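A.B. asks: Please read through the structure below; I'll follow up with questions.
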Amino acid sequence: MSTPSPCIVISDEEQGYDLDLFCIPKHYAGDLERVYIPHGLIMDRTERLARDIMKDMGGHHIVALCVLKGGYKFFADLLDYIKALNRNSDRSIPMTVDFIRLKSYQNDQSTGDIKVIGGDDLSTLTGKNVLIVEDIIDTGKTMKTLLELLKQYNPKMVKVARCVVGFEVPDKFVVGYALDYNEYFRDLNHICVISETGKERYKA
């Protein structure tokens, strides 16, 4: 049912980059350890992913389903690239959008209780090609819950586009590019590792 489309894979060997090499908002000084994925790399991989989606799903109406809140920045950037390809190529895709929210985290821990919030009448997805756009995959439970929900409405095809996969970094929690820690850090352009000071400061 689902064809995963990874954007960036993080391994536990990845060291990231020194904060001094990048522009970081002053209000987060001391709250971050390192930059894990620079914004430029995210944008480059997102552009490539847009091309792959055009190739795989072109010619068929797509319902782009954004998983809020963490997926909104990636969703907006990905759709911008798809729209640019629609304008500048012989092949274009008619597209509509919808939004759904899945909540499973408090502080840096998954609660295991996944709540589905929002979304229009999902019966409109019946027989459609659905592009799910999400931020990060760690345990996979959240995506499994959403895929099981969508399966009830018999979409024609489901493709998953995610910004970060393979998140297996011991004792690390990443924020930025709309990824949050209790709603903070969504305003960072880069994906960064939060420090213990940051966790304590913004603890729920």
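We name chains A, B, ... following the order of the structure tokens; residues begin at 1 in each chain, and ligands are numbered from 1 as shown.
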Quick one: everything within 12 Å of region 93-98 of chain A, counting only C-alpha atoms, minus sequence neighbours fewer than 6 positions away in the same chain. Send it as number ranges by chain.
C.D. replies: A: 50-51, 53-68, 72, 75-76, 79-80, 82-87, 118-122, 124-125, 128-133
A.B. asks: At what distance in Å, to one decimal, does CA of Asp52 (chain A) lie from CA of Lys151 (chain A)?
C.D. replies: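 Taking CA of Lys151 (chain A) as the start and CA of Asp52 (chain A) as the end point, the length is 23.5 Å.
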A.B. asks: Which distance in Å separates CA of Thr46 (chain A) and CA of Gln152 (chain A), to one decimal?
C.D. replies: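 Going from CA of Thr46 (chain A) over to CA of Gln152 (chain A) covers 29.5 Å.
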A.B. asks: Counting only C-alpha atoms, figure out which residue out of A:Leu19, A:Val160, A:Ala204, A:Leu146 gets nearest to Ile37 (chain A).
C.D. replies: A:Leu19
